[in-house]
file structure00.cif (mmCIF, C-alpha atoms and all ligand atoms)
data_coords
loop_
_atom_site.label_atom_id
_atom_site.label_comp_id
_atom_site.auth_asym_id
_atom_site.auth_seq_id
_atom_site.Cartn_x
_atom_site.Cartn_y
_atom_site.Cartn_z
CA MET Z 23 -30.63 -27.53 44.90
CA ILE Z 24 -28.12 -27.22 47.78
CA SER Z 25 -25.35 -24.74 47.12
CA LEU Z 26 -22.02 -25.82 48.58
CA PRO Z 27 -19.34 -23.39 49.79
CA ILE Z 28 -16.46 -22.95 47.37
CA ILE Z 29 -13.24 -24.18 48.97
CA ASP Z 30 -10.87 -23.37 46.12
CA ALA Z 31 -11.89 -21.53 42.98
CA GLY Z 32 -8.47 -22.18 41.45
CA PRO Z 33 -6.05 -19.55 40.28
CA GLN Z 34 -7.44 -16.07 39.69
CA ARG Z 35 -8.08 -15.78 35.97
CA PRO Z 36 -10.32 -12.77 35.60
CA VAL Z 37 -9.90 -12.55 31.85
CA PHE Z 38 -9.88 -16.22 31.06
CA ALA Z 39 -12.87 -17.06 33.24
CA ASN Z 40 -15.10 -16.12 30.34
CA GLY Z 41 -12.27 -15.55 27.92
CA PRO Z 42 -10.63 -17.65 25.28
CA ARG Z 43 -10.39 -20.79 27.42
CA SER Z 44 -14.14 -20.99 27.30
CA LEU Z 45 -15.63 -22.41 24.13
CA ALA Z 46 -18.28 -19.70 24.35
CA SER Z 47 -15.59 -17.22 23.26
CA VAL Z 48 -14.72 -19.15 20.11
CA LYS Z 49 -16.39 -17.62 17.07
CA LEU Z 50 -14.14 -18.76 14.21
CA LEU Z 51 -12.99 -22.16 12.99
CA ARG Z 52 -10.13 -22.11 10.49
CA LEU Z 53 -10.19 -25.21 8.32
CA SER Z 54 -6.89 -26.03 6.65
CA ILE Z 55 -7.92 -28.34 3.82
CA THR Z 56 -4.40 -29.14 2.59
CA ASP Z 57 -0.79 -28.45 3.56
CA ARG Z 58 0.27 -28.41 -0.13
CA CYS Z 59 0.86 -25.24 -2.06
CA ASN Z 60 1.70 -24.01 -5.53
CA LEU Z 61 4.04 -21.35 -4.08
CA ARG Z 62 6.94 -21.60 -1.64
CA CYS Z 63 6.95 -18.32 0.29
CA VAL Z 64 10.26 -17.83 2.10
CA TYR Z 65 8.55 -17.09 5.42
CA CYS Z 66 6.29 -20.13 5.22
CA MET Z 67 8.25 -22.97 3.63
CA PRO Z 68 11.83 -24.27 3.92
CA ASP Z 69 14.49 -23.72 1.23
CA ASP Z 70 15.21 -27.37 0.65
CA GLY Z 71 11.94 -29.14 -0.02
CA VAL Z 72 8.87 -29.59 2.11
CA GLN Z 73 7.95 -32.58 4.23
CA TRP Z 74 4.23 -32.95 3.43
CA MET Z 75 2.22 -34.10 6.42
CA ALA Z 76 -0.97 -35.02 4.70
CA ALA Z 77 -1.25 -38.07 2.46
CA GLN Z 78 -4.29 -40.08 1.47
CA PRO Z 79 -6.06 -41.60 3.39
CA ASP Z 80 -5.12 -39.23 6.23
CA LEU Z 81 -6.57 -36.13 4.55
CA LEU Z 82 -10.01 -35.23 5.80
CA THR Z 83 -12.75 -35.65 3.19
CA PRO Z 84 -15.47 -33.11 2.38
CA ALA Z 85 -17.83 -35.18 4.56
CA ASP Z 86 -15.32 -35.03 7.46
CA PHE Z 87 -15.05 -31.22 7.17
CA GLN Z 88 -18.83 -31.03 7.09
CA ALA Z 89 -19.20 -33.19 10.23
CA VAL Z 90 -16.65 -31.14 12.20
CA SER Z 91 -18.23 -27.87 11.02
CA GLU Z 92 -21.71 -29.07 11.99
CA VAL Z 93 -20.48 -29.76 15.51
CA ALA Z 94 -18.69 -26.38 15.60
CA ALA Z 95 -21.86 -24.58 14.47
CA SER Z 96 -23.93 -26.42 17.07
CA LEU Z 97 -21.50 -25.07 19.70
CA GLY Z 98 -22.04 -21.46 18.62
CA ILE Z 99 -19.16 -21.02 16.16
CA THR Z 100 -20.49 -18.77 13.40
CA HIS Z 101 -17.47 -17.91 11.21
CA PHE Z 102 -15.64 -20.44 9.06
CA LYS Z 103 -12.42 -19.80 7.11
CA ILE Z 104 -11.09 -22.21 4.51
CA THR Z 105 -7.32 -22.08 4.23
CA GLY Z 106 -4.24 -24.24 3.75
CA GLY Z 107 -1.52 -24.61 2.38
CA GLU Z 108 -3.21 -23.32 -0.70
CA PRO Z 109 -6.89 -24.34 -0.68
CA THR Z 110 -7.27 -23.94 -4.45
CA VAL Z 111 -4.93 -26.87 -5.10
CA ARG Z 112 -7.58 -29.22 -3.70
CA SER Z 113 -9.83 -30.42 -6.50
CA ASP Z 114 -12.84 -30.89 -4.20
CA LEU Z 115 -12.70 -27.32 -2.84
CA VAL Z 116 -16.08 -26.37 -4.33
CA GLU Z 117 -17.74 -29.39 -2.73
CA ILE Z 118 -16.24 -28.51 0.66
CA VAL Z 119 -17.61 -24.97 0.38
CA LYS Z 120 -21.06 -26.22 -0.63
CA ARG Z 121 -21.24 -28.63 2.30
CA ILE Z 122 -20.24 -26.00 4.87
CA ARG Z 123 -22.54 -23.37 3.35
CA ALA Z 124 -25.51 -25.70 3.83
CA ILE Z 125 -24.99 -25.89 7.61
CA PRO Z 126 -27.50 -23.80 9.61
CA GLY Z 127 -25.72 -21.25 11.80
CA VAL Z 128 -22.82 -20.57 9.40
CA ARG Z 129 -22.95 -16.77 9.20
CA ASP Z 130 -19.69 -16.05 7.43
CA LEU Z 131 -17.79 -18.38 5.10
CA SER Z 132 -14.52 -17.09 3.67
CA LEU Z 133 -11.38 -18.34 1.98
CA THR Z 134 -7.72 -17.30 2.21
CA THR Z 135 -5.73 -17.79 -0.99
CA ASN Z 136 -2.54 -16.73 -2.75
CA GLY Z 137 -4.80 -15.95 -5.73
CA ILE Z 138 -2.70 -17.82 -8.32
CA LEU Z 139 -5.53 -20.17 -9.35
CA PHE Z 140 -8.43 -18.03 -8.18
CA ASP Z 141 -9.45 -16.87 -11.66
CA ARG Z 142 -10.83 -20.34 -12.37
CA TYR Z 143 -12.52 -20.64 -8.97
CA ALA Z 144 -14.10 -17.21 -8.48
CA VAL Z 145 -17.47 -18.01 -10.08
CA PRO Z 146 -17.87 -21.67 -8.98
CA LEU Z 147 -17.04 -20.72 -5.39
CA LYS Z 148 -19.47 -17.80 -5.45
CA GLU Z 149 -22.18 -20.13 -6.74
CA ALA Z 150 -21.27 -22.63 -4.00
CA GLY Z 151 -21.95 -19.93 -1.40
CA LEU Z 152 -18.55 -18.47 -0.51
CA ASP Z 153 -19.10 -15.05 1.08
CA ARG Z 154 -15.73 -13.40 0.69
CA VAL Z 155 -12.04 -13.80 0.01
CA THR Z 156 -8.74 -12.81 1.60
CA PHE Z 157 -5.79 -12.66 -0.81
CA SER Z 158 -2.13 -12.76 0.20
CA ILE Z 159 0.58 -10.77 -1.57
CA ASP Z 160 3.85 -9.52 -0.11
CA SER Z 161 5.29 -7.37 -2.89
CA LEU Z 162 3.84 -5.29 -5.70
CA LYS Z 163 7.09 -5.59 -7.66
CA PRO Z 164 7.07 -8.58 -10.06
CA ASP Z 165 10.71 -9.56 -9.46
CA ARG Z 166 10.45 -9.29 -5.72
CA PHE Z 167 7.13 -11.16 -5.73
CA ALA Z 168 8.90 -13.98 -7.58
CA THR Z 169 11.76 -13.96 -5.05
CA ILE Z 170 9.53 -14.03 -1.97
CA THR Z 171 7.24 -16.73 -3.39
CA ARG Z 172 10.19 -18.59 -4.97
CA GLY Z 173 8.87 -18.40 -8.51
CA GLY Z 174 5.34 -16.94 -8.37
CA LYS Z 175 4.05 -14.81 -11.26
CA ILE Z 176 2.43 -11.62 -10.05
CA GLU Z 177 0.17 -11.36 -13.11
CA GLN Z 178 -1.54 -14.58 -11.99
CA PHE Z 179 -2.23 -13.01 -8.61
CA TRP Z 180 -3.81 -9.95 -10.25
CA ALA Z 181 -5.86 -12.19 -12.57
CA GLY Z 182 -7.26 -13.84 -9.44
CA MET Z 183 -8.08 -10.48 -7.83
CA HIS Z 184 -9.70 -9.27 -11.04
CA ALA Z 185 -11.80 -12.44 -11.30
CA ALA Z 186 -12.97 -11.90 -7.71
CA GLU Z 187 -14.11 -8.35 -8.54
CA GLN Z 188 -15.86 -9.54 -11.71
CA ALA Z 189 -17.63 -12.32 -9.81
CA GLY Z 190 -19.01 -9.74 -7.38
CA TYR Z 191 -17.07 -10.46 -4.19
CA THR Z 192 -16.95 -7.46 -1.87
CA ARG Z 193 -15.24 -6.72 1.45
CA THR Z 194 -12.07 -8.29 0.09
CA LYS Z 195 -9.01 -8.35 2.32
CA ILE Z 196 -5.35 -8.43 1.33
CA ASN Z 197 -2.77 -9.91 3.71
CA VAL Z 198 0.78 -8.59 3.58
CA VAL Z 199 3.53 -10.09 5.74
CA MET Z 200 6.06 -7.33 6.24
CA MET Z 201 9.69 -8.40 6.66
CA ALA Z 202 12.60 -6.12 7.51
CA GLY Z 203 14.84 -5.36 4.57
CA MET Z 204 12.77 -7.60 2.29
CA ASN Z 205 9.57 -5.70 1.52
CA ASP Z 206 8.95 -3.17 4.31
CA ASP Z 207 9.91 -0.32 1.95
CA GLU Z 208 6.59 -1.01 0.13
CA VAL Z 209 4.32 -0.22 3.05
CA ALA Z 210 3.10 3.09 1.55
CA ASP Z 211 2.56 1.46 -1.88
CA PHE Z 212 0.31 -1.16 -0.28
CA ALA Z 213 -1.56 1.48 1.72
CA ARG Z 214 -2.07 3.48 -1.49
CA LEU Z 215 -4.15 0.59 -2.88
CA THR Z 216 -6.87 1.56 -0.38
CA LEU Z 217 -7.18 5.11 -1.73
CA ASP Z 218 -9.48 4.01 -4.52
CA HIS Z 219 -10.33 0.36 -3.75
CA ASP Z 220 -12.69 -0.76 -1.04
CA TRP Z 221 -10.22 -3.37 0.17
CA THR Z 222 -8.78 -3.90 3.64
CA VAL Z 223 -5.00 -4.20 3.36
CA ARG Z 224 -3.75 -5.94 6.49
CA PHE Z 225 -0.14 -5.77 7.64
CA ILE Z 226 0.78 -8.97 9.48
CA GLU Z 227 3.86 -9.09 11.67
CA TYR Z 228 6.10 -11.95 10.59
CA MET Z 229 5.85 -14.89 13.02
CA PRO Z 230 8.83 -17.25 13.30
CA LEU Z 231 6.96 -20.54 13.07
CA GLY Z 232 8.14 -23.99 11.99
CA GLU Z 233 10.73 -24.57 9.29
CA SER Z 234 11.04 -21.84 6.69
CA GLY Z 235 13.66 -19.93 4.74
CA ILE Z 236 13.59 -17.28 7.46
CA THR Z 237 13.60 -19.54 10.52
CA ALA Z 238 16.66 -21.26 9.02
CA SER Z 239 18.54 -17.93 9.03
CA ALA Z 240 20.91 -16.88 11.82
CA ASP Z 241 18.44 -14.45 13.38
CA PRO Z 242 14.82 -15.04 12.32
CA ASP Z 243 13.51 -12.42 14.76
CA ALA Z 244 15.43 -9.76 12.83
CA ALA Z 245 12.77 -10.09 10.09
CA ILE Z 246 9.99 -8.86 12.39
CA VAL Z 247 8.82 -5.31 11.75
CA ASP Z 248 6.81 -3.83 14.61
CA ASN Z 249 3.51 -2.56 13.24
CA GLN Z 250 3.97 0.65 15.27
CA VAL Z 251 6.95 1.42 13.03
CA LEU Z 252 4.84 0.89 9.92
CA MET Z 253 2.06 3.09 11.30
CA ALA Z 254 4.54 5.88 11.97
CA ARG Z 255 5.87 5.63 8.41
CA LEU Z 256 2.35 5.72 7.02
CA GLY Z 257 1.55 8.75 9.17
CA ASP Z 258 4.58 10.52 7.65
CA ALA Z 259 3.48 9.59 4.13
CA PHE Z 260 -0.28 10.27 4.32
CA GLY Z 261 -0.93 12.25 7.51
CA PRO Z 262 -2.35 10.72 10.71
CA LEU Z 263 -4.23 7.47 10.09
CA GLN Z 264 -7.89 7.57 11.10
CA ALA Z 265 -9.02 4.86 13.52
CA VAL Z 266 -12.04 2.83 12.38
CA ASP Z 267 -14.32 0.95 14.78
CA ARG Z 268 -13.14 -2.65 14.32
CA ALA Z 269 -16.67 -3.92 14.96
CA THR Z 270 -17.56 -2.50 11.54
CA GLU Z 271 -14.98 -4.71 9.85
CA VAL Z 272 -16.38 -7.91 8.38
CA GLY Z 273 -15.25 -11.11 10.10
CA VAL Z 274 -14.01 -11.52 13.65
CA GLY Z 275 -10.28 -10.96 13.06
CA PRO Z 276 -7.69 -9.51 15.43
CA ALA Z 277 -6.69 -6.53 13.25
CA HIS Z 278 -6.77 -2.95 14.50
CA VAL Z 279 -8.37 -1.03 11.67
CA TYR Z 280 -7.56 2.42 10.25
CA ARG Z 281 -8.12 4.48 7.15
CA VAL Z 282 -5.70 6.58 5.15
CA PRO Z 283 -7.13 10.12 5.05
CA GLY Z 284 -9.38 10.27 1.97
CA GLY Z 285 -9.15 6.52 1.32
CA VAL Z 286 -12.17 4.38 0.49
CA GLY Z 287 -10.62 1.17 1.80
CA ARG Z 288 -9.08 0.33 5.14
CA LEU Z 289 -5.80 -0.73 6.71
CA GLY Z 290 -5.56 -3.52 9.28
CA PHE Z 291 -2.65 -4.17 11.62
CA ILE Z 292 -2.21 -7.67 13.06
CA SER Z 293 0.46 -7.41 15.71
CA ALA Z 294 0.79 -10.92 17.13
CA MET Z 295 4.47 -10.43 17.95
CA SER Z 296 4.64 -6.89 19.34
CA GLN Z 297 1.22 -6.89 21.01
CA PRO Z 298 -0.08 -10.45 21.48
CA PHE Z 299 -3.87 -10.54 21.63
CA CYS Z 300 -4.18 -13.99 23.25
CA GLU Z 301 -6.63 -12.83 25.88
CA THR Z 302 -9.18 -12.01 23.21
CA CYS Z 303 -8.40 -14.99 20.95
CA ASN Z 304 -11.64 -16.29 19.45
CA ARG Z 305 -10.52 -19.08 17.13
CA LEU Z 306 -9.65 -22.75 16.84
CA ARG Z 307 -7.83 -24.38 13.93
CA LEU Z 308 -8.33 -27.70 12.22
CA THR Z 309 -5.45 -29.20 10.23
CA ALA Z 310 -5.95 -31.08 6.98
CA ILE Z 311 -5.51 -34.40 8.79
CA GLY Z 312 -7.97 -33.66 11.57
CA GLU Z 313 -5.98 -32.18 14.45
CA LEU Z 314 -7.86 -29.49 16.33
CA ARG Z 315 -5.35 -26.90 17.48
CA SER Z 316 -5.85 -24.36 20.24
CA CYS Z 317 -3.04 -21.93 19.33
CA LEU Z 318 -1.01 -21.05 16.27
CA PHE Z 319 2.18 -20.94 18.33
CA ASP Z 320 1.86 -23.25 21.29
CA GLY Z 321 0.47 -26.62 20.40
CA GLY Z 322 -2.45 -27.76 22.50
CA GLU Z 323 -3.95 -30.03 19.88
CA ILE Z 324 -6.31 -32.97 19.80
CA ASP Z 325 -6.69 -35.63 17.11
CA LEU Z 326 -10.34 -35.64 16.07
CA ARG Z 327 -10.10 -38.59 13.70
CA PRO Z 328 -10.93 -41.31 16.24
CA ALA Z 329 -14.20 -39.44 16.85
CA LEU Z 330 -14.80 -38.88 13.12
CA ARG Z 331 -14.25 -42.30 11.61
CA PRO Z 332 -15.75 -44.67 10.70
CA LYS Z 333 -18.82 -42.60 11.67
CA PRO Z 334 -18.81 -39.14 13.29
CA ASP Z 335 -19.65 -39.23 16.99
CA LYS Z 336 -20.98 -35.70 17.42
CA GLN Z 337 -21.18 -35.83 21.19
CA GLN Z 338 -17.58 -36.92 21.49
CA LEU Z 339 -16.49 -34.29 18.96
CA ALA Z 340 -18.26 -31.59 20.97
CA GLY Z 341 -16.40 -32.72 24.09
CA LEU Z 342 -13.08 -32.51 22.23
CA PHE Z 343 -13.87 -28.93 21.14
CA GLU Z 344 -14.57 -28.02 24.80
CA GLN Z 345 -11.31 -29.61 25.87
CA CYS Z 346 -9.26 -27.96 23.12
CA ALA Z 347 -10.42 -24.47 24.11
CA THR Z 348 -9.02 -25.06 27.62
CA PHE Z 349 -5.55 -25.65 26.13
CA LYS Z 350 -5.15 -22.05 25.02
CA PRO Z 351 -2.10 -20.38 26.59
CA GLU Z 352 -2.43 -17.14 28.49
CA THR Z 353 0.20 -15.61 26.22
CA HIS Z 354 1.89 -17.36 23.34
CA SER Z 355 5.59 -18.25 23.45
CA HIS Z 356 6.57 -16.21 20.33
CA HIS Z 357 7.93 -19.30 18.56
CA GLY Z 358 5.98 -22.23 17.18
CA ASN Z 359 6.73 -25.82 16.30
CA ARG Z 360 4.82 -26.00 13.01
CA ALA Z 361 4.75 -23.96 9.83
CA MET Z 362 1.80 -21.85 8.86
CA SER Z 363 1.29 -24.02 5.78
CA GLN Z 364 0.32 -26.87 8.13
CA LEU Z 365 -1.78 -24.77 10.47
CA GLY Z 366 -3.61 -22.58 7.99
CA GLY Z 367 -2.42 -19.18 9.22
N1 LIG E 1 -1.94 -20.10 0.85
C1 LIG E 1 -2.90 -19.18 1.35
C2 LIG E 1 -2.34 -17.79 1.44
O1 LIG E 1 -1.11 -17.63 1.34
O2 LIG E 1 -3.12 -16.88 1.63
C3 LIG E 1 -3.52 -19.58 2.67
C4 LIG E 1 -2.61 -20.16 3.72
S1 LIG E 1 -1.39 -19.06 4.38
C5 LIG E 1 -0.58 -20.11 5.55
C6 LIG E 1 -2.39 -17.96 5.36
C7 LIG E 1 -1.74 -16.64 5.72
O3 LIG E 1 -0.65 -16.87 6.60
C8 LIG E 1 -1.18 -15.88 4.53
O4 LIG E 1 -1.69 -14.56 4.50
C9 LIG E 1 0.30 -15.87 4.77
O5 LIG E 1 0.90 -14.71 4.26
C10 LIG E 1 0.36 -15.95 6.28
N2 LIG E 1 1.63 -16.48 6.80
C11 LIG E 1 2.27 -17.60 6.44
N3 LIG E 1 3.40 -17.77 7.15
C12 LIG E 1 3.47 -16.71 7.99
C13 LIG E 1 4.40 -16.31 8.99
N4 LIG E 1 5.47 -17.03 9.28
N5 LIG E 1 4.15 -15.16 9.67
C14 LIG E 1 3.04 -14.42 9.40
N6 LIG E 1 2.13 -14.75 8.47
C15 LIG E 1 2.34 -15.88 7.76
FE1 LIG E 2 1.72 -21.18 0.13
FE2 LIG E 2 0.28 -19.43 1.49
FE3 LIG E 2 2.48 -20.53 2.57
FE4 LIG E 2 2.78 -18.82 0.60
S1 LIG E 2 1.89 -18.37 2.61
S2 LIG E 2 3.79 -20.82 0.77
S3 LIG E 2 1.01 -19.21 -0.62
S4 LIG E 2 0.63 -21.58 2.05
#
call {"tool": "encode", "arguments": {"input": "structure00.cif", "output": "structure tokens"}}
result
Amino acid sequence: MISLPIIDAGPQRPVFANGPRSLASVKLLRLSITDRCNLRCVYCMPDDGVQWMAAQPDLLTPADFQAVSEVAASLGITHFKITGGEPTVRSDLVEIVKRIRAIPGVRDLSLTTNGILFDRYAVPLKEAGLDRVTFSIDSLKPDRFATITRGGKIEQFWAGMHAAEQAGYTRTKINVVMMAGMNDDEVADFARLTLDHDWTVRFIEYMPLGESGITASADPDAAIVDNQVLMARLGDAFGPLQAVDRATEVGVGPAHVYRVPGGVGRLGFISAMSQPFCETCNRLRLTAIGELRSCLFDGGEIDLRPALRPKPDKQQLAGLFEQCATFKPETHSHHGNRAMSQLGG
């Protein structure tokens, strides 16, 4: 083979050369299986009704999710997360899990849920091959939980958590979106949960995305609490937090991981606003209607449906995955055009 001199190697991109713009860096596919939800969290959904994006026949079917996941696995993606909206409101959730579990190369299959319906799904999902669960809860106080979720009942959340423990799930994570003046006074109470439970409680900086109760306010950015502030408060309450090697944390998430002195569980800090981690981003997202999205914030999406229907064209789908990875921004813009409920978090 003749090797030709390089005339122009393009802009210098030392990190991105093998970084997130290369599909080889993508390890996780987040599959949003619905944009519907049985809660209406103020940071995720608007005050005055939600414009649903997904209607039959646009919604991907279990077979569609399987086809996309097979292509993803063939490209080296090993971790799959089922999310939404609220994935437990889809009646074919168990079938979707079974189909993805059966794909060779799927090393980790997890679900993110608000827990409200999880008590009825814990065992069937375990039997279908779900590895682990992430629950979301933003207040431990029943009244405040109801306010933030616009009507949620906290006892249903705890019933879901309890069912997960009973069904034998381990390495459970709990997501908490901290918002200034709304729930950030509970940071120590959440951290205390890890003293005697082997859970990872993850503090997620609020992201002003799409239409929500908070983005409709005069100053949505005022809701953001820098995770450094939370860490300092936790240090005051418990003594210095102990850093944990993040490679020991299950999954391939962006959290920096710590332990409260003497705690059995862990704390995770996801600081997408104060310390964007775009250069190590390792994920792509699929919406419930088949758009493959390169970034939570900044668009860069491709409609996979023409390559999926009437019959999946796996070669074309693989090409679209390659292309989508190249759309990733070097650093996100801090504000996004679509709500988390559409993008799956
Ligand atoms: N309904 C499920 C749940 O709440 O866990 C799964 C979907 S939800 C969109 C996924 C995660 O995104 C949740 O942990 C939720 O708290 C988080 N989330 C939603 N909107 C957010 C926002 N604007 N900023 C930060 N996290 C957000
Ligand atoms: Fe529903 Fe999850 Fe959004 Fe809350 S964060 S409204 S539970 S999709």
call {"tool": "residues_around", "arguments": {"input": "structure00.cif", "residues": "Z:Gly284", "least_positions_apart": "3", "cutoff": "12 Å", "atoms": "all atoms listed in the file", "output": "list in words"}}
result
Ala213, Arg214, Thr216, Leu217, Asp218, His219, Asp220, Phe260, Gly261, Pro262, Leu263, Gln264, Tyr280, Arg281, Gly287 and Arg288 of chain Z
call {"tool": "residues_near_ligand", "arguments": {"input": "structure00.cif", "ligand": "ligand LIG 2 (chain E)", "cutoff": "7 Å", "atoms": "all atoms listed in the file", "output": "list in words"}}
result
Cys59, Asn60, Leu61, Arg62, Cys63, Cys66, Met67, Gly106, Gly107, Glu108, Thr135, Asn136, Thr171, Met362 and Ser363 of chain Z
call {"tool": "closest_atom_pairs", "arguments": {"input": "structure00.cif", "of": "stretch 90-179 of chain Z", "to": "stretch 295-305 of chain Z", "cutoff": "12 Å", "atoms": "all atoms listed in the file", "output": "JSON lines"}}
result
{"residue": "Z:Ala94", "atom": "CA", "partner": "Z:Arg305", "partner_atom": "CA", "distance": 11.1}
{"residue": "Z:Gly98", "atom": "CA", "partner": "Z:Asn304", "partner_atom": "CA", "distance": 11.6}
{"residue": "Z:Ile99", "atom": "CA", "partner": "Z:Arg305", "partner_atom": "CA", "distance": 8.9}
{"residue": "Z:Thr100", "atom": "CA", "partner": "Z:Arg305", "partner_atom": "CA", "distance": 10.6}
{"residue": "Z:His101", "atom": "CA", "partner": "Z:Arg305", "partner_atom": "CA", "distance": 9.2}
{"residue": "Z:Phe102", "atom": "CA", "partner": "Z:Arg305", "partner_atom": "CA", "distance": 9.7}
{"residue": "Z:Lys103", "atom": "CA", "partner": "Z:Arg305", "partner_atom": "CA", "distance": 10.2}
call {"tool": "atom_distance", "arguments": {"input": "structure00.cif", "atom1": "atom CA of Z:Asp160", "atom2": "atom CA of Z:Trp221"}}
result
15.4 Å
call {"tool": "axis_aligned_box", "arguments": {"input": "structure00.cif", "around": "stretch 264-283 of chain Z", "padding_each_side": "5 Å", "output": "AutoDock Vina command-line options"}}
result
--center_x -11.6 --center_y -0.7 --center_z 10.2 --size_x 21.9 --size_y 31.6 --size_z 20.4
call {"tool": "residues_around", "arguments": {"input": "structure00.cif", "residues": "Z:Leu53", "least_positions_apart": "5", "cutoff": "7 Å", "atoms": "all atoms listed in the file", "output": "count of residues only"}}
result
6
call {"tool": "residues_around", "arguments": {"input": "structure00.cif", "residues": "stretch 138-144 of chain Z", "least_positions_apart": "3", "cutoff": "10 Å", "atoms": "all atoms listed in the file", "output": "PyMOL selection string"}}
result
chain Z and resi 60-61+108-111+115-116+135+147-149+152+155+157-158+174-191
